[in-house]
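Visitor: Starting off with a structure, shown below.
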Amino acid sequence: LGASSFPYLLWQFDPLTTVREQCEQLEKCVKAQERLDLCDEHVCSQSHTEEDCTGELFDFLHARDHCVAHKLFNNLK
Amino acid sequence: VVARPGHSARTILQAVALSSKSGLSRGRKVMLSALGMLAAGGAGLAVALHSAVSASDLELHPPSYPWSHSGFLSSLDHTSIRRGFQVYKQVCSSCHSMDFVAYRHLVGVCYTEDEAKALAAEVWGLGMPGTQDGRVVMRLSVAGGGSRRGGGRADLHGGEDYIFSLLTGYCEPPTGVSLREGLYFNPYFPGQAIAMAPPIYTDVLEFDDGTPATMSQIAKDVCTFLRWASEPEHDHRKRMGLKMLMMMALLVPLIYTIKRHKWSVLKSRKLAYRPPK
């Protein structure tokens with residue numbers, strides 16, 4: 001048993017990165033990413049604000065997590 | 001119910017109303033079933049709402065990962081426990097102690113007795129394991145116990161899903177969030193500012209079975225190890241659960257049948273009112 005028996009595992013390559021990239025293409029994640037980007041712009045443009053984009057980040061992560069959780073363990077030993 | 005001469009028409013009507021077959025009427029049964037379903041639905045709604053993100057105190061709940069030991073008949077993956085122990089020992093134990101787990105507890109779980117003795121011997125560094133009556137009693141703890149950096153105790157309340165998400169979830173803080181020196185952003189940590197720096201990364205250690213030590217593999221194995229450490233009776237519990245279910249599968253229908261048989265006498269009782277001639 002070693003790296004050679006797992007086609008998805010190459011040295012230095014974490015399947016988590018690949019699965020996250022795949023999941024980020026989903027429509028829900030793309031939309032959440034757009035909202036997050038909008039929030040970033042909005043907060044950056046304000047000089048004095050208490051606002052932050054934690055909520056938008058959470059929405060994005062929640063959507064991505066759900067997809068990642070389904071797929072990731074298939075690629076782990 | 002027997003009516004006597006002299007009873008008024010009202011008492012006779014009451015007697016008639018009381019003379020009926022035993023048990024609940026159909027209407028009552030329907031109502032009770034409906035109430036039961038409503039209660040169950042309400043409980044389900046409460047659970048669903050609880051896991052939603054509330055607006056006031058933001059908390060990101062971790063997703064449910066398909067752990068191989070999730071099923072009610074599924075044991076822990078002991079190869080994973082072994083790797084997870086290596087992660088704990090080589091990465092985590094520098095700050096986190098485990099006062100209630102001894103090397104001898106690993107025997108039969110993920111190491112042979114000789115291997116466990118060898119591990120304990122390494123810690124002493126003198127080639128002399130801490131033995132008492134031949135049993136290895138060295139405990140998996142930092143001298144003095146606790147976190148050296150004073151970072152506090154690891155919060156394990158969320159289980160494997162939480163720890164896995166936490167370990168793999170470190171990321172840049174979103175716009176508008178700044179953290180003071182010494183804190184790191186982690187969306188899963190309550191308050192999102194954690195004193196622990198990202199502890200694992202790909203190849204932070206080597207597994208003795210040659211499994212590629214990617215960050216997610218490391219996180220998965222250490223979570224499995226922690227599940228075992230916090231619940232060493234896990235496999236035994238599920239074995240007992242299976243035995244219990246098998247016994248109940250026999251006993252419950254049997255007892256139900258006996259009960260219904262005995263009660264059939266009363267349940268089929270009919271009471272009749274016969275007016276006096």
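All residue names refer to the structure tokens as shown: chains lettered A, B, ... in order, residues numbered from 1 in each chain, ligands numbered from 1 in order.
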Can I get the residues of chain A within 9 Å of chain B, each with the closest pair of atoms and their distance in Å to one decimal, using only C-alpha atoms, sorted chain first then ascending number, as JSON lines?
Guide:
```
{"residue": "A:Leu1", "atom": "CA", "partner": "B:Gly210", "partner_atom": "CA", "distance": 7.3}
{"residue": "A:Gly2", "atom": "CA", "partner": "B:Gly210", "partner_atom": "CA", "distance": 5.6}
{"residue": "A:Ala3", "atom": "CA", "partner": "B:Pro212", "partner_atom": "CA", "distance": 6.1}
{"residue": "A:Leu9", "atom": "CA", "partner": "B:Pro212", "partner_atom": "CA", "distance": 7.3}
{"residue": "A:Leu10", "atom": "CA", "partner": "B:Pro212", "partner_atom": "CA", "distance": 7.8}
{"residue": "A:Trp11", "atom": "CA", "partner": "B:Pro212", "partner_atom": "CA", "distance": 6.6}
{"residue": "A:Gln12", "atom": "CA", "partner": "B:Thr202", "partner_atom": "CA", "distance": 6.6}
{"residue": "A:Phe13", "atom": "CA", "partner": "B:Thr214", "partner_atom": "CA", "distance": 7.1}
{"residue": "A:Asp14", "atom": "CA", "partner": "B:Thr214", "partner_atom": "CA", "distance": 5.2}
{"residue": "A:Pro15", "atom": "CA", "partner": "B:Ser216", "partner_atom": "CA", "distance": 7.5}
{"residue": "A:Leu16", "atom": "CA", "partner": "B:Ser216", "partner_atom": "CA", "distance": 6.3}
{"residue": "A:Leu36", "atom": "CA", "partner": "B:Pro174", "partner_atom": "CA", "distance": 8.8}
{"residue": "A:Cys39", "atom": "CA", "partner": "B:Thr175", "partner_atom": "CA", "distance": 8.0}
{"residue": "A:Asp40", "atom": "CA", "partner": "B:Thr175", "partner_atom": "CA", "distance": 5.6}
{"residue": "A:Glu41", "atom": "CA", "partner": "B:Thr175", "partner_atom": "CA", "distance": 8.7}
{"residue": "A:Val43", "atom": "CA", "partner": "B:Gly176", "partner_atom": "CA", "distance": 6.5}
{"residue": "A:Cys44", "atom": "CA", "partner": "B:Thr175", "partner_atom": "CA", "distance": 7.2}
{"residue": "A:Thr49", "atom": "CA", "partner": "B:Gly176", "partner_atom": "CA", "distance": 8.2}
{"residue": "A:Glu50", "atom": "CA", "partner": "B:Gly176", "partner_atom": "CA", "distance": 7.4}
{"residue": "A:Glu51", "atom": "CA", "partner": "B:Gly176", "partner_atom": "CA", "distance": 6.2}
{"residue": "A:Asp52", "atom": "CA", "partner": "B:Gly176", "partner_atom": "CA", "distance": 4.1}
{"residue": "A:Cys53", "atom": "CA", "partner": "B:Pro174", "partner_atom": "CA", "distance": 5.6}
{"residue": "A:Thr54", "atom": "CA", "partner": "B:Pro174", "partner_atom": "CA", "distance": 6.0}
{"residue": "A:Gly55", "atom": "CA", "partner": "B:Leu58", "partner_atom": "CA", "distance": 7.3}
{"residue": "A:Glu56", "atom": "CA", "partner": "B:Pro174", "partner_atom": "CA", "distance": 8.7}
{"residue": "A:Leu57", "atom": "CA", "partner": "B:Pro174", "partner_atom": "CA", "distance": 6.8}
{"residue": "A:Phe58", "atom": "CA", "partner": "B:Leu60", "partner_atom": "CA", "distance": 6.2}
{"residue": "A:Asp59", "atom": "CA", "partner": "B:Leu60", "partner_atom": "CA", "distance": 8.7}
{"residue": "A:Leu61", "atom": "CA", "partner": "B:Leu60", "partner_atom": "CA", "distance": 8.4}
{"residue": "A:His62", "atom": "CA", "partner": "B:Leu60", "partner_atom": "CA", "distance": 7.4}
{"residue": "A:Asp65", "atom": "CA", "partner": "B:Pro63", "partner_atom": "CA", "distance": 6.2}
{"residue": "A:His66", "atom": "CA", "partner": "B:Pro63", "partner_atom": "CA", "distance": 5.9}
{"residue": "A:Val68", "atom": "CA", "partner": "B:Tyr65", "partner_atom": "CA", "distance": 8.8}
{"residue": "A:Ala69", "atom": "CA", "partner": "B:Tyr65", "partner_atom": "CA", "distance": 5.1}
{"residue": "A:His70", "atom": "CA", "partner": "B:Tyr65", "partner_atom": "CA", "distance": 7.0}
{"residue": "A:Leu72", "atom": "CA", "partner": "B:Tyr65", "partner_atom": "CA", "distance": 8.5}
{"residue": "A:Phe73", "atom": "CA", "partner": "B:Pro66", "partner_atom": "CA", "distance": 7.1}
{"residue": "A:Leu76", "atom": "CA", "partner": "B:Gln217", "partner_atom": "CA", "distance": 6.1}
{"residue": "A:Lys77", "atom": "CA", "partner": "B:Gln217", "partner_atom": "CA", "distance": 7.2}
```
Visitor: How would the residues just picked look written out with N, CA, C and O atoms as a short mmCIF file (atom, residue, chain, number, x, y, z; two decimals), in the first residue's frame?
Guide:
```cif
data_model
loop_
_atom_site.label_atom_id
_atom_site.label_comp_id
_atom_site.auth_asym_id
_atom_site.auth_seq_id
_atom_site.Cartn_x
_atom_site.Cartn_y
_atom_site.Cartn_z
N LEU A 1 0.86 -1.20 0.00
CA LEU A 1 0.00 0.00 0.00
C LEU A 1 0.89 1.24 0.00
O LEU A 1 1.81 1.34 0.78
N GLY A 2 0.62 2.12 -0.86
CA GLY A 2 1.42 3.35 -0.92
C GLY A 2 0.76 4.31 -1.88
O GLY A 2 -0.38 4.10 -2.29
N ALA A 3 1.46 5.34 -2.22
CA ALA A 3 0.86 6.37 -3.06
C ALA A 3 0.43 5.79 -4.41
O ALA A 3 -0.53 6.25 -5.00
N LEU A 9 -4.03 10.42 -5.38
CA LEU A 9 -3.08 10.99 -4.44
C LEU A 9 -1.69 11.02 -5.03
O LEU A 9 -1.11 10.00 -5.31
N LEU A 10 -1.17 12.20 -5.26
CA LEU A 10 0.21 12.34 -5.69
C LEU A 10 0.94 13.05 -4.57
O LEU A 10 0.36 13.78 -3.81
N TRP A 11 2.22 12.82 -4.46
CA TRP A 11 2.98 13.49 -3.41
C TRP A 11 2.79 15.00 -3.52
O TRP A 11 2.82 15.56 -4.58
N GLN A 12 2.58 15.62 -2.38
CA GLN A 12 2.40 17.06 -2.27
C GLN A 12 1.03 17.55 -2.74
O GLN A 12 0.72 18.69 -2.54
N PHE A 13 0.22 16.74 -3.35
CA PHE A 13 -1.07 17.23 -3.82
C PHE A 13 -2.17 16.79 -2.85
O PHE A 13 -2.43 15.60 -2.73
N ASP A 14 -2.78 17.73 -2.24
CA ASP A 14 -3.84 17.43 -1.29
C ASP A 14 -5.17 17.37 -2.05
O ASP A 14 -5.54 18.35 -2.72
N PRO A 15 -5.87 16.24 -1.99
CA PRO A 15 -7.15 16.15 -2.70
C PRO A 15 -8.14 17.23 -2.27
O PRO A 15 -9.05 17.58 -3.02
N LEU A 16 -7.93 17.76 -1.06
CA LEU A 16 -8.82 18.81 -0.58
C LEU A 16 -8.81 20.01 -1.52
O LEU A 16 -9.86 20.60 -1.81
N LEU A 36 -19.91 37.72 -2.05
CA LEU A 36 -18.75 38.00 -1.20
C LEU A 36 -17.88 39.09 -1.83
O LEU A 36 -17.43 40.01 -1.15
N CYS A 39 -19.49 42.41 -1.45
CA CYS A 39 -19.34 42.89 -0.07
C CYS A 39 -17.94 43.43 0.14
O CYS A 39 -17.78 44.50 0.74
N ASP A 40 -16.94 42.71 -0.36
CA ASP A 40 -15.55 43.18 -0.24
C ASP A 40 -15.41 44.59 -0.81
O ASP A 40 -14.84 45.47 -0.16
N GLU A 41 -15.94 44.76 -2.03
CA GLU A 41 -15.85 46.09 -2.67
C GLU A 41 -16.52 47.13 -1.81
O GLU A 41 -15.99 48.22 -1.57
N VAL A 43 -17.27 47.18 1.43
CA VAL A 43 -16.61 47.49 2.70
C VAL A 43 -15.31 48.24 2.46
O VAL A 43 -14.96 49.16 3.19
N CYS A 44 -14.59 47.85 1.40
CA CYS A 44 -13.32 48.53 1.08
C CYS A 44 -13.55 49.99 0.77
O CYS A 44 -12.74 50.85 1.11
N THR A 49 -16.28 52.21 8.77
CA THR A 49 -17.44 51.33 8.87
C THR A 49 -17.17 50.19 9.85
O THR A 49 -16.03 49.75 10.01
N GLU A 50 -18.26 49.79 10.47
CA GLU A 50 -18.16 48.64 11.37
C GLU A 50 -18.46 47.35 10.62
O GLU A 50 -18.36 46.27 11.18
N GLU A 51 -18.86 47.49 9.35
CA GLU A 51 -19.30 46.30 8.60
C GLU A 51 -18.13 45.39 8.28
O GLU A 51 -16.99 45.84 8.09
N ASP A 52 -18.46 44.12 8.21
CA ASP A 52 -17.48 43.19 7.65
C ASP A 52 -18.21 42.12 6.84
O ASP A 52 -19.44 42.09 6.82
N CYS A 53 -17.47 41.30 6.18
CA CYS A 53 -18.07 40.34 5.24
C CYS A 53 -18.12 38.93 5.79
O CYS A 53 -18.13 37.96 5.03
N THR A 54 -18.12 38.81 7.11
CA THR A 54 -18.12 37.48 7.71
C THR A 54 -19.33 36.66 7.27
O THR A 54 -19.20 35.49 6.91
N GLY A 55 -20.50 37.30 7.28
CA GLY A 55 -21.72 36.58 6.89
C GLY A 55 -21.64 36.04 5.48
O GLY A 55 -22.00 34.89 5.22
N GLU A 56 -21.15 36.88 4.57
CA GLU A 56 -21.05 36.46 3.17
C GLU A 56 -20.02 35.35 3.02
O GLU A 56 -20.21 34.41 2.24
N LEU A 57 -18.93 35.45 3.78
CA LEU A 57 -17.93 34.38 3.74
C LEU A 57 -18.54 33.08 4.23
O LEU A 57 -18.33 32.02 3.64
N PHE A 58 -19.31 33.16 5.31
CA PHE A 58 -19.94 31.97 5.86
C PHE A 58 -20.89 31.33 4.85
O PHE A 58 -20.92 30.11 4.71
N ASP A 59 -21.65 32.17 4.15
CA ASP A 59 -22.58 31.62 3.15
C ASP A 59 -21.81 30.86 2.09
O ASP A 59 -22.21 29.77 1.67
N LEU A 61 -18.75 29.53 2.36
CA LEU A 61 -18.13 28.33 2.93
C LEU A 61 -19.16 27.25 3.16
O LEU A 61 -18.91 26.06 2.93
N HIS A 62 -20.34 27.65 3.62
CA HIS A 62 -21.41 26.68 3.89
C HIS A 62 -21.77 25.94 2.61
O HIS A 62 -21.90 24.71 2.60
N ASP A 65 -18.71 23.76 1.60
CA ASP A 65 -18.54 22.65 2.56
C ASP A 65 -19.44 21.48 2.24
O ASP A 65 -19.04 20.32 2.30
N HIS A 66 -20.69 21.81 1.96
CA HIS A 66 -21.69 20.77 1.73
C HIS A 66 -21.25 19.88 0.58
O HIS A 66 -21.36 18.66 0.63
N VAL A 68 -18.05 19.66 -0.62
CA VAL A 68 -16.76 19.03 -0.29
C VAL A 68 -16.98 17.80 0.59
O VAL A 68 -16.37 16.75 0.38
N ALA A 69 -17.86 17.93 1.58
CA ALA A 69 -18.09 16.84 2.52
C ALA A 69 -18.55 15.58 1.80
O ALA A 69 -18.22 14.47 2.21
N HIS A 70 -19.32 15.75 0.72
CA HIS A 70 -19.80 14.59 -0.02
C HIS A 70 -18.68 13.86 -0.74
O HIS A 70 -18.71 12.65 -0.88
N LEU A 72 -14.96 14.50 -0.54
CA LEU A 72 -13.56 14.45 -0.11
C LEU A 72 -13.11 13.07 0.36
O LEU A 72 -12.05 12.59 -0.03
N PHE A 73 -13.91 12.42 1.20
CA PHE A 73 -13.46 11.17 1.80
C PHE A 73 -13.28 10.06 0.79
O PHE A 73 -12.59 9.07 1.06
N LEU A 76 -9.63 9.96 0.17
CA LEU A 76 -8.72 9.77 1.28
C LEU A 76 -8.72 8.31 1.69
O LEU A 76 -9.70 7.60 1.50
N LYS A 77 -7.62 7.91 2.34
CA LYS A 77 -7.54 6.51 2.75
C LYS A 77 -8.38 6.28 3.98
O LYS A 77 -8.40 7.11 4.89
#
```
Visitor: Could you state the separation of CA of Ala102 in chain B and CA of Leu242 in chain B in Å, given to one decimal place?
Guide: 29.1 Å
Visitor: State, in Å with one decimal place, the distance from CA of Asp155 in chain B to CA of Gly44 in chain B.
Guide: 27.1 Å
Visitor: One decimal, in Å: what's the spacing between CA of Lys238 in chain B and CA of Leu73 in chain B?
Guide: 6.0 Å
